[in-house]
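Q: Supplied structure: my_file.cif, mmCIF, N, CA and C atoms and all ligand atoms.
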data_model
#
loop_
_atom_site.label_atom_id
_atom_site.label_comp_id
_atom_site.auth_asym_id
_atom_site.auth_seq_id
_atom_site.Cartn_x
_atom_site.Cartn_y
_atom_site.Cartn_z
N MET A 52 42.41 -20.19 11.43
CA MET A 52 43.05 -19.02 12.01
C MET A 52 42.52 -18.80 13.43
N PRO A 53 43.42 -18.58 14.39
CA PRO A 53 42.94 -18.40 15.78
C PRO A 53 42.20 -17.07 15.95
N LEU A 54 41.35 -17.04 16.95
CA LEU A 54 40.67 -15.79 17.27
C LEU A 54 41.66 -14.88 17.96
N GLN A 55 41.57 -13.60 17.69
CA GLN A 55 42.37 -12.62 18.43
C GLN A 55 41.44 -12.00 19.47
N VAL A 56 41.88 -11.99 20.71
CA VAL A 56 41.03 -11.48 21.79
C VAL A 56 41.75 -10.33 22.47
N ASP A 57 40.99 -9.26 22.69
CA ASP A 57 41.56 -8.06 23.30
C ASP A 57 40.53 -7.45 24.26
N GLY A 58 40.93 -6.45 24.97
CA GLY A 58 40.00 -5.72 25.82
C GLY A 58 39.95 -6.26 27.23
N ASN A 59 38.95 -5.81 27.97
CA ASN A 59 38.83 -6.13 29.39
C ASN A 59 37.46 -6.73 29.67
N THR A 60 37.46 -7.92 30.27
CA THR A 60 36.18 -8.58 30.56
C THR A 60 35.58 -8.09 31.88
N ARG A 61 36.28 -7.26 32.59
CA ARG A 61 35.80 -6.64 33.84
C ARG A 61 35.13 -7.65 34.78
N GLY A 62 35.84 -8.72 35.05
CA GLY A 62 35.35 -9.71 36.01
C GLY A 62 34.30 -10.67 35.47
N ARG A 63 33.99 -10.56 34.21
CA ARG A 63 32.97 -11.43 33.62
C ARG A 63 33.64 -12.47 32.70
N LYS A 64 34.66 -13.09 33.23
CA LYS A 64 35.48 -14.03 32.45
C LYS A 64 34.66 -15.24 31.95
N ARG A 65 33.78 -15.77 32.82
CA ARG A 65 32.99 -16.94 32.44
C ARG A 65 32.08 -16.61 31.26
N LEU A 66 31.42 -15.45 31.31
CA LEU A 66 30.55 -15.02 30.21
C LEU A 66 31.38 -14.77 28.95
N ALA A 67 32.55 -14.18 29.12
CA ALA A 67 33.45 -13.93 27.98
C ALA A 67 33.84 -15.24 27.31
N ASN A 68 34.13 -16.26 28.12
CA ASN A 68 34.49 -17.57 27.56
C ASN A 68 33.33 -18.20 26.79
N LYS A 69 32.11 -17.98 27.27
CA LYS A 69 30.92 -18.47 26.55
C LYS A 69 30.80 -17.79 25.20
N VAL A 70 31.09 -16.49 25.16
CA VAL A 70 31.05 -15.75 23.89
C VAL A 70 32.10 -16.31 22.93
N LEU A 71 33.30 -16.52 23.43
CA LEU A 71 34.38 -17.03 22.57
C LEU A 71 34.04 -18.43 22.05
N ALA A 72 33.47 -19.27 22.92
CA ALA A 72 33.09 -20.63 22.49
C ALA A 72 32.01 -20.55 21.41
N SER A 73 31.06 -19.64 21.56
CA SER A 73 30.00 -19.49 20.57
C SER A 73 30.57 -18.97 19.24
N ILE A 74 31.49 -18.05 19.31
CA ILE A 74 32.11 -17.54 18.08
C ILE A 74 32.87 -18.66 17.36
N LYS A 75 33.60 -19.48 18.12
CA LYS A 75 34.32 -20.61 17.50
C LYS A 75 33.35 -21.59 16.85
N LYS A 76 32.27 -21.91 17.59
CA LYS A 76 31.27 -22.84 17.07
C LYS A 76 30.67 -22.31 15.77
N HIS A 77 30.28 -21.05 15.75
CA HIS A 77 29.63 -20.48 14.56
C HIS A 77 30.63 -20.19 13.45
N ARG A 78 31.86 -19.89 13.80
CA ARG A 78 32.89 -19.71 12.78
C ARG A 78 33.00 -20.99 11.95
N ASP A 79 32.97 -22.14 12.62
CA ASP A 79 33.06 -23.43 11.92
C ASP A 79 31.77 -23.72 11.13
N LEU A 80 30.61 -23.46 11.75
CA LEU A 80 29.34 -23.72 11.06
C LEU A 80 29.17 -22.82 9.83
N PHE A 81 29.71 -21.61 9.89
CA PHE A 81 29.60 -20.65 8.78
C PHE A 81 30.73 -20.84 7.75
N GLY A 82 31.65 -21.76 8.02
CA GLY A 82 32.78 -21.95 7.10
C GLY A 82 33.73 -20.77 7.10
N MET A 83 33.89 -20.12 8.25
CA MET A 83 34.74 -18.92 8.34
C MET A 83 36.08 -19.23 9.02
N GLN A 84 36.53 -20.48 8.91
CA GLN A 84 37.78 -20.86 9.58
C GLN A 84 38.96 -20.03 9.09
N GLY A 85 38.94 -19.58 7.85
CA GLY A 85 40.03 -18.79 7.30
C GLY A 85 39.95 -17.31 7.62
N TRP A 86 38.92 -16.91 8.35
CA TRP A 86 38.76 -15.49 8.67
C TRP A 86 39.60 -15.10 9.87
N ASP A 87 40.09 -13.90 9.84
CA ASP A 87 40.77 -13.28 10.97
C ASP A 87 39.67 -12.59 11.79
N ILE A 88 39.35 -13.16 12.94
CA ILE A 88 38.27 -12.61 13.78
C ILE A 88 38.89 -12.00 15.03
N VAL A 89 38.68 -10.70 15.19
CA VAL A 89 39.24 -9.97 16.33
C VAL A 89 38.09 -9.61 17.26
N ILE A 90 38.15 -10.12 18.48
CA ILE A 90 37.10 -9.84 19.47
C ILE A 90 37.67 -8.90 20.52
N THR A 91 36.97 -7.81 20.74
CA THR A 91 37.41 -6.86 21.77
C THR A 91 36.30 -6.69 22.79
N PHE A 92 36.61 -7.01 24.04
CA PHE A 92 35.65 -6.81 25.12
C PHE A 92 35.76 -5.37 25.57
N LYS A 93 34.69 -4.61 25.35
CA LYS A 93 34.71 -3.18 25.70
C LYS A 93 33.27 -2.68 25.78
N GLU A 94 33.11 -1.45 26.24
CA GLU A 94 31.78 -0.86 26.27
C GLU A 94 31.39 -0.47 24.86
N VAL A 95 30.16 -0.82 24.48
CA VAL A 95 29.64 -0.47 23.16
C VAL A 95 28.56 0.59 23.37
N GLU A 96 28.57 1.60 22.53
CA GLU A 96 27.60 2.69 22.67
C GLU A 96 26.17 2.21 22.41
N GLY A 97 25.23 2.89 23.01
CA GLY A 97 23.82 2.56 22.82
C GLY A 97 23.44 1.32 23.59
N ASP A 98 22.40 0.63 23.15
CA ASP A 98 21.94 -0.56 23.88
C ASP A 98 22.38 -1.85 23.20
N MET A 99 23.43 -1.76 22.40
CA MET A 99 23.93 -2.93 21.69
C MET A 99 24.88 -3.73 22.60
N CYS A 100 24.83 -5.06 22.48
CA CYS A 100 25.76 -5.90 23.23
C CYS A 100 26.96 -6.28 22.37
N MET A 101 26.77 -6.23 21.06
CA MET A 101 27.87 -6.55 20.13
C MET A 101 27.76 -5.62 18.93
N GLU A 102 28.92 -5.33 18.38
CA GLU A 102 28.97 -4.47 17.19
C GLU A 102 30.07 -4.99 16.29
N THR A 103 29.79 -5.02 14.99
CA THR A 103 30.74 -5.61 14.06
C THR A 103 31.14 -4.64 12.96
N VAL A 104 32.41 -4.69 12.63
CA VAL A 104 32.94 -4.02 11.44
C VAL A 104 33.68 -5.11 10.69
N ALA A 105 33.59 -5.09 9.36
CA ALA A 105 34.24 -6.17 8.62
C ALA A 105 35.03 -5.65 7.43
N GLU A 106 36.03 -6.40 7.08
CA GLU A 106 36.77 -6.21 5.84
C GLU A 106 36.73 -7.56 5.11
N PRO A 107 35.56 -7.92 4.58
CA PRO A 107 35.40 -9.27 4.02
C PRO A 107 36.33 -9.53 2.85
N GLU A 108 36.77 -8.47 2.16
CA GLU A 108 37.72 -8.67 1.05
C GLU A 108 39.03 -9.25 1.56
N TYR A 109 39.32 -9.06 2.86
CA TYR A 109 40.53 -9.64 3.48
C TYR A 109 40.16 -10.74 4.47
N TYR A 110 38.91 -11.18 4.45
CA TYR A 110 38.44 -12.21 5.39
C TYR A 110 38.76 -11.79 6.83
N LYS A 111 38.39 -10.57 7.15
CA LYS A 111 38.67 -10.05 8.49
C LYS A 111 37.41 -9.39 9.06
N THR A 112 37.15 -9.66 10.33
CA THR A 112 36.05 -8.98 11.01
C THR A 112 36.45 -8.65 12.44
N MET A 113 35.99 -7.51 12.91
CA MET A 113 36.26 -7.06 14.26
C MET A 113 34.92 -6.96 15.00
N ILE A 114 34.81 -7.70 16.07
CA ILE A 114 33.56 -7.72 16.84
C ILE A 114 33.83 -7.15 18.22
N ASP A 115 33.15 -6.05 18.55
CA ASP A 115 33.22 -5.50 19.90
C ASP A 115 32.11 -6.13 20.72
N VAL A 116 32.45 -6.57 21.92
CA VAL A 116 31.48 -7.25 22.78
C VAL A 116 31.40 -6.51 24.11
N ASP A 117 30.18 -6.10 24.45
CA ASP A 117 29.93 -5.43 25.73
C ASP A 117 29.24 -6.44 26.64
N LEU A 118 29.93 -6.90 27.65
CA LEU A 118 29.41 -7.96 28.52
C LEU A 118 28.40 -7.45 29.55
N ARG A 119 28.28 -6.13 29.69
CA ARG A 119 27.42 -5.57 30.76
C ARG A 119 25.96 -6.00 30.63
N GLY A 120 25.40 -5.91 29.43
CA GLY A 120 23.97 -6.23 29.29
C GLY A 120 23.71 -7.56 28.61
N LEU A 121 24.77 -8.31 28.41
CA LEU A 121 24.64 -9.55 27.65
C LEU A 121 24.02 -10.67 28.49
N VAL A 122 22.94 -11.25 27.97
CA VAL A 122 22.26 -12.36 28.65
C VAL A 122 22.81 -13.65 28.05
N GLU A 123 23.23 -14.55 28.93
CA GLU A 123 23.90 -15.77 28.47
C GLU A 123 23.08 -16.56 27.45
N SER A 124 21.79 -16.65 27.66
CA SER A 124 20.96 -17.45 26.75
C SER A 124 20.82 -16.83 25.36
N ASP A 125 21.22 -15.58 25.21
CA ASP A 125 21.13 -14.91 23.90
C ASP A 125 22.45 -14.88 23.14
N ILE A 126 23.50 -15.44 23.72
CA ILE A 126 24.83 -15.32 23.10
C ILE A 126 24.85 -15.87 21.68
N ASP A 127 24.30 -17.08 21.48
CA ASP A 127 24.31 -17.67 20.14
C ASP A 127 23.57 -16.79 19.13
N LEU A 128 22.45 -16.21 19.55
CA LEU A 128 21.70 -15.31 18.65
C LEU A 128 22.56 -14.13 18.24
N TYR A 129 23.20 -13.51 19.21
CA TYR A 129 24.04 -12.34 18.92
C TYR A 129 25.21 -12.72 18.00
N VAL A 130 25.83 -13.83 18.29
CA VAL A 130 27.00 -14.24 17.50
C VAL A 130 26.59 -14.54 16.06
N ARG A 131 25.49 -15.27 15.89
CA ARG A 131 25.01 -15.53 14.52
C ARG A 131 24.75 -14.22 13.80
N HIS A 132 24.12 -13.29 14.50
CA HIS A 132 23.79 -11.99 13.92
C HIS A 132 25.05 -11.26 13.45
N GLU A 133 26.04 -11.19 14.30
CA GLU A 133 27.26 -10.43 13.96
C GLU A 133 28.04 -11.10 12.84
N LEU A 134 28.13 -12.41 12.86
CA LEU A 134 28.87 -13.09 11.78
C LEU A 134 28.15 -12.96 10.45
N LEU A 135 26.82 -12.95 10.48
CA LEU A 135 26.05 -12.73 9.24
C LEU A 135 26.34 -11.33 8.69
N HIS A 136 26.39 -10.34 9.58
CA HIS A 136 26.75 -8.98 9.12
C HIS A 136 28.13 -8.99 8.44
N ALA A 137 29.07 -9.71 9.04
CA ALA A 137 30.43 -9.75 8.48
C ALA A 137 30.43 -10.34 7.08
N ILE A 138 29.68 -11.43 6.89
CA ILE A 138 29.64 -12.10 5.59
C ILE A 138 28.96 -11.20 4.55
N LEU A 139 27.89 -10.51 4.96
CA LEU A 139 27.13 -9.69 4.02
C LEU A 139 27.74 -8.32 3.78
N TRP A 140 28.73 -7.93 4.59
CA TRP A 140 29.27 -6.58 4.62
C TRP A 140 29.57 -6.02 3.22
N MET A 141 30.29 -6.79 2.42
CA MET A 141 30.71 -6.33 1.10
C MET A 141 29.50 -6.01 0.22
N TYR A 142 28.48 -6.85 0.28
CA TYR A 142 27.31 -6.68 -0.57
C TYR A 142 26.44 -5.51 -0.10
N THR A 143 26.31 -5.39 1.20
CA THR A 143 25.48 -4.29 1.71
C THR A 143 26.19 -2.95 1.49
N ASN A 144 27.52 -2.94 1.61
CA ASN A 144 28.26 -1.71 1.31
C ASN A 144 28.10 -1.31 -0.14
N LEU A 145 28.17 -2.30 -1.03
CA LEU A 145 28.01 -2.02 -2.45
C LEU A 145 26.61 -1.47 -2.73
N ALA A 146 25.60 -2.12 -2.17
CA ALA A 146 24.22 -1.67 -2.37
C ALA A 146 24.05 -0.24 -1.86
N GLU A 147 24.62 0.06 -0.69
CA GLU A 147 24.49 1.41 -0.13
C GLU A 147 25.22 2.44 -0.97
N SER A 148 26.38 2.07 -1.53
CA SER A 148 27.12 3.06 -2.32
C SER A 148 26.47 3.29 -3.68
N LEU A 149 25.73 2.32 -4.19
CA LEU A 149 25.07 2.49 -5.49
C LEU A 149 23.69 3.14 -5.36
N ALA A 150 23.11 3.03 -4.18
CA ALA A 150 21.74 3.52 -4.01
C ALA A 150 21.71 5.03 -3.82
N PRO A 151 20.66 5.67 -4.30
CA PRO A 151 20.50 7.09 -4.01
C PRO A 151 20.34 7.28 -2.49
N SER A 152 20.77 8.42 -2.00
CA SER A 152 20.80 8.64 -0.54
C SER A 152 19.43 8.44 0.11
N ARG A 153 18.36 8.71 -0.62
CA ARG A 153 17.03 8.55 -0.01
C ARG A 153 16.70 7.08 0.28
N HIS A 154 17.44 6.15 -0.28
CA HIS A 154 17.19 4.72 -0.05
C HIS A 154 18.13 4.09 0.98
N LYS A 155 19.12 4.85 1.47
CA LYS A 155 20.12 4.26 2.38
C LYS A 155 19.49 3.75 3.67
N LYS A 156 18.55 4.50 4.23
CA LYS A 156 17.90 4.07 5.46
C LYS A 156 17.11 2.77 5.21
N LEU A 157 16.44 2.71 4.09
CA LEU A 157 15.68 1.51 3.73
C LEU A 157 16.62 0.30 3.59
N LEU A 158 17.76 0.50 2.92
CA LEU A 158 18.72 -0.60 2.76
C LEU A 158 19.26 -1.07 4.10
N GLY A 159 19.57 -0.12 4.98
CA GLY A 159 20.05 -0.48 6.32
C GLY A 159 19.01 -1.30 7.06
N GLY A 160 17.76 -0.91 6.95
CA GLY A 160 16.67 -1.64 7.59
C GLY A 160 16.49 -3.03 7.00
N MET A 161 16.64 -3.13 5.69
CA MET A 161 16.52 -4.44 5.03
C MET A 161 17.63 -5.38 5.46
N GLU A 162 18.86 -4.85 5.59
CA GLU A 162 19.97 -5.68 6.04
C GLU A 162 19.70 -6.20 7.45
N GLU A 163 19.25 -5.30 8.35
CA GLU A 163 18.97 -5.72 9.72
C GLU A 163 17.91 -6.82 9.74
N ARG A 164 16.87 -6.62 8.93
CA ARG A 164 15.77 -7.58 8.89
C ARG A 164 16.24 -8.94 8.36
N LEU A 165 17.04 -8.92 7.29
CA LEU A 165 17.55 -10.16 6.72
C LEU A 165 18.40 -10.92 7.74
N VAL A 166 19.33 -10.20 8.37
CA VAL A 166 20.23 -10.82 9.34
C VAL A 166 19.42 -11.38 10.52
N THR A 167 18.45 -10.61 10.99
CA THR A 167 17.63 -11.05 12.12
C THR A 167 16.77 -12.26 11.75
N ASP A 168 16.21 -12.25 10.54
CA ASP A 168 15.40 -13.40 10.10
C ASP A 168 16.24 -14.68 10.05
N ILE A 169 17.43 -14.59 9.50
CA ILE A 169 18.29 -15.79 9.40
C ILE A 169 18.75 -16.23 10.79
N GLU A 170 19.11 -15.26 11.62
CA GLU A 170 19.57 -15.56 12.99
C GLU A 170 18.51 -16.33 13.77
N ARG A 171 17.25 -16.09 13.50
CA ARG A 171 16.16 -16.69 14.28
C ARG A 171 15.54 -17.92 13.62
N MET A 172 16.03 -18.33 12.48
CA MET A 172 15.43 -19.47 11.79
C MET A 172 15.54 -20.74 12.62
N PRO A 173 14.49 -21.57 12.60
CA PRO A 173 14.46 -22.76 13.45
C PRO A 173 15.52 -23.81 13.13
N PHE A 174 16.13 -23.73 11.95
CA PHE A 174 17.09 -24.77 11.59
C PHE A 174 18.32 -24.77 12.49
N TRP A 175 18.59 -23.68 13.20
CA TRP A 175 19.76 -23.63 14.08
C TRP A 175 19.71 -24.72 15.15
N ASP A 176 18.53 -24.88 15.76
CA ASP A 176 18.39 -25.90 16.81
C ASP A 176 18.62 -27.31 16.24
N ILE A 177 18.12 -27.54 15.04
CA ILE A 177 18.31 -28.84 14.38
C ILE A 177 19.80 -29.06 14.10
N LEU A 178 20.44 -28.01 13.64
CA LEU A 178 21.87 -28.08 13.33
C LEU A 178 22.70 -28.37 14.58
N TYR A 179 22.38 -27.68 15.68
CA TYR A 179 23.12 -27.90 16.93
C TYR A 179 22.96 -29.34 17.41
N LYS A 180 21.70 -29.84 17.35
CA LYS A 180 21.45 -31.21 17.80
C LYS A 180 22.21 -32.21 16.94
N ALA A 181 22.20 -32.00 15.63
CA ALA A 181 22.91 -32.90 14.72
C ALA A 181 24.42 -32.88 15.00
N LYS A 182 24.94 -31.72 15.29
CA LYS A 182 26.38 -31.56 15.56
C LYS A 182 26.76 -32.27 16.87
N ARG A 183 25.86 -32.18 17.87
CA ARG A 183 26.14 -32.84 19.17
C ARG A 183 26.16 -34.35 19.03
N ARG A 184 25.33 -34.89 18.12
CA ARG A 184 25.22 -36.34 17.93
C ARG A 184 26.47 -36.92 17.28
N LYS A 185 27.26 -36.10 16.60
CA LYS A 185 28.46 -36.59 15.89
C LYS A 185 29.48 -37.18 16.85
ZN ZN B 1 22.53 -5.93 13.20
#
Show me, as structure tokens, the structure contained in the file I just sent.
A:
Amino acid sequence: MPLQVDGNTRGRKRLANKVLASIKKHRDLFGMQGWDIVITFKEVEGDMCMETVAEPEYYKTMIDVDLRGLVESDIDLYVRHELLHAILWMYTNLAESLAPSRHKKLLGGMEERLVTDIERMPFWDILYKAKRRK
């Protein structure tokens, strides 16, 4: 399924293309070819460069990308992070809806930690090198 792209890159077209290339690369590595991925270039609140909402039951995710503070060398990290959130969305939502309210903050923190740990695992570099050799 092709990526849907929307929004305004505000003169940062080259950086936007790097983001799209990274999303395509990781979509294939994550086996998400059947997902409907909607990317919107826009301002994101707070200090976030990307923000994701997902409907994994429909294989759909919407990723907002704010190019203002995005550092090119971190694009792959951010993309891995957001796609992991999309994949886990259904499970983390279920856990949050079943948990007593006093545990919701803890669950949110655990999800962030899990996603960040996987995003930073050293196997990514090995995987990229192996893919380039093909
Ligand atoms: Zn996150």
Q: Cys100 of chain A: which residues within 6.5 Å, counting all atoms listed in the file, same-chain residues fewer than 6 positions away excluded, as a count of residues only?
A: 6
Q: Can you work out which one of A:Val70, A:Ile177, A:Met99, A:Val89 has the shortest atom-to-atom distance to ligand ZN 1 (chain B), counting only C-alpha atoms and all ligand atoms?
A: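 Among A:Val70, A:Ile177, A:Met99, A:Val89, it is A:Met99 that comes nearest to ligand ZN 1 (chain B).
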Q: Ligand ZN 1 (chain B): which residues are within 6.5 Å, counting all atoms listed in the file? Reply as a compact mmCIF listing (two decimals) with N, CA and C atoms, in the frame of the given file.
A:
# COMPACT_ATOMS: atom_id res chain seq x y z
N HIS A 132 24.12 -13.29 14.50
CA HIS A 132 23.79 -11.99 13.92
C HIS A 132 25.05 -11.26 13.45
N GLU A 133 26.04 -11.19 14.30
CA GLU A 133 27.26 -10.43 13.96
C GLU A 133 28.04 -11.10 12.84
N GLU A 162 18.86 -4.85 5.59
CA GLU A 162 19.97 -5.68 6.04
C GLU A 162 19.70 -6.20 7.45
N GLU A 163 19.25 -5.30 8.35
CA GLU A 163 18.97 -5.72 9.72
C GLU A 163 17.91 -6.82 9.74
Q: Of the candidates A:Ser152, A:Leu80, A:Asp87, A:Lys182, which one gets nearest to Met52 of chain A if we count only N, CA and C atoms?
A: A:Asp87
Q: Running DSSP on the backbone, which parts of chain A land in strand (DSSP E or B), as a list in words?
A: Gln55, Val56, Asp57, Gly58, Asp87, Ile88, Val89, Ile90, Thr91, Phe92, Met101, Glu102, Thr103, Val104, Ala105, Glu106, Lys111, Thr112, Met113, Ile114, Asp115 and Val116 of chain A
Q: Using only C-alpha atoms and a cutoff of 10 Å, can you tell me which residues are near (28.5, -19.4, 28.3) in the file's coordinates, and write them out as a tab-separated table (two decimals) with N, CA and C atoms, in the frame of the given file?
A:
chain	number	residue	atom	x	y	z
A	64	LYS	N	34.66	-13.09	33.23
A	64	LYS	CA	35.48	-14.03	32.45
A	64	LYS	C	34.66	-15.24	31.95
A	65	ARG	N	33.78	-15.77	32.82
A	65	ARG	CA	32.99	-16.94	32.44
A	65	ARG	C	32.08	-16.61	31.26
A	66	LEU	N	31.42	-15.45	31.31
A	66	LEU	CA	30.55	-15.02	30.21
A	66	LEU	C	31.38	-14.77	28.95
A	67	ALA	N	32.55	-14.18	29.12
A	67	ALA	CA	33.45	-13.93	27.98
A	67	ALA	C	33.84	-15.24	27.31
A	68	ASN	N	34.13	-16.26	28.12
A	68	ASN	CA	34.49	-17.57	27.56
A	68	ASN	C	33.33	-18.20	26.79
A	69	LYS	N	32.11	-17.98	27.27
A	69	LYS	CA	30.92	-18.47	26.55
A	69	LYS	C	30.80	-17.79	25.20
A	70	VAL	N	31.09	-16.49	25.16
A	70	VAL	CA	31.05	-15.75	23.89
A	70	VAL	C	32.10	-16.31	22.93
A	71	LEU	N	33.30	-16.52	23.43
A	71	LEU	CA	34.38	-17.03	22.57
A	71	LEU	C	34.04	-18.43	22.05
A	72	ALA	N	33.47	-19.27	22.92
A	72	ALA	CA	33.09	-20.63	22.49
A	72	ALA	C	32.01	-20.55	21.41
A	73	SER	N	31.06	-19.64	21.56
A	73	SER	CA	30.00	-19.49	20.57
A	73	SER	C	30.57	-18.97	19.24
A	122	VAL	N	22.94	-11.25	27.97
A	122	VAL	CA	22.26	-12.36	28.65
A	122	VAL	C	22.81	-13.65	28.05
A	123	GLU	N	23.23	-14.55	28.93
A	123	GLU	CA	23.90	-15.77	28.47
A	123	GLU	C	23.08	-16.56	27.45
A	124	SER	N	21.79	-16.65	27.66
A	124	SER	CA	20.96	-17.45	26.75
A	124	SER	C	20.82	-16.83	25.36
A	125	ASP	N	21.22	-15.58	25.21
A	125	ASP	CA	21.13	-14.91	23.90
A	125	ASP	C	22.45	-14.88	23.14
A	126	ILE	N	23.50	-15.44	23.72
A	126	ILE	CA	24.83	-15.32	23.10
A	126	ILE	C	24.85	-15.87	21.68
A	127	ASP	N	24.30	-17.08	21.48
A	127	ASP	CA	24.31	-17.67	20.14
A	127	ASP	C	23.57	-16.79	19.13
Q: Determine, counting all atoms listed in the file, which protein, DNA and RNA residues have an atom within 5 Å of an atom of Ile114 of chain A; residues of the same chain fewer than 6 positions away are not included. Present the result as an MDAnalysis selection string.
A: chainID A and resid 89:91 102:103
Q: Give me a file of those residues, with N, CA and C atoms, as a PDB file, in the coordinates of the input.
A:
ATOM      1  N   VAL A  89      38.680 -10.700  15.190  1.00  0.00           N
ATOM      2  CA  VAL A  89      39.240  -9.970  16.330  1.00  0.00           C
ATOM      3  C   VAL A  89      38.090  -9.610  17.260  1.00  0.00           C
ATOM      4  N   ILE A  90      38.150 -10.120  18.480  1.00  0.00           N
ATOM      5  CA  ILE A  90      37.100  -9.840  19.470  1.00  0.00           C
ATOM      6  C   ILE A  90      37.670  -8.900  20.520  1.00  0.00           C
ATOM      7  N   THR A  91      36.970  -7.810  20.740  1.00  0.00           N
ATOM      8  CA  THR A  91      37.410  -6.860  21.770  1.00  0.00           C
ATOM      9  C   THR A  91      36.300  -6.690  22.790  1.00  0.00           C
ATOM     10  N   GLU A 102      28.920  -5.330  18.380  1.00  0.00           N
ATOM     11  CA  GLU A 102      28.970  -4.470  17.190  1.00  0.00           C
ATOM     12  C   GLU A 102      30.070  -4.990  16.290  1.00  0.00           C
ATOM     13  N   THR A 103      29.790  -5.020  14.990  1.00  0.00           N
ATOM     14  CA  THR A 103      30.740  -5.610  14.060  1.00  0.00           C
ATOM     15  C   THR A 103      31.140  -4.640  12.960  1.00  0.00           C
TER      16      THR A 103
END
Q: Just the alpha helix (DSSP H) stuff from chain A, please, per backbone DSSP, written as a PyMOL selection string.
A: chain A and resi 64-80+126-149+155-170+174-184
Q: Write out as JSON, numbers by chain each polymer residue whose atoms come within 8 Å of segment 141-151 of chain A, counting only N, CA and C atoms; drop sequence neighbours fewer than 5 positions from it.
A: {"A": [105, 106, 107, 108, 136, 156, 158, 159, 162]}
Q: Could you check how far atom CA of Asp57 of chain A sits from atom C of Thr112 of chain A, in Å to one decimal?
A: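 For atom CA of Asp57 of chain A relative to atom C of Thr112 of chain A, the distance reads 12.0 Å.
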Q: Please compute the atom CA of Gly82 of chain A-atom CA of Glu170 of chain A distance, one decimal, in Å.
A: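 Distance reported for this atom pair: 15.8 Å.
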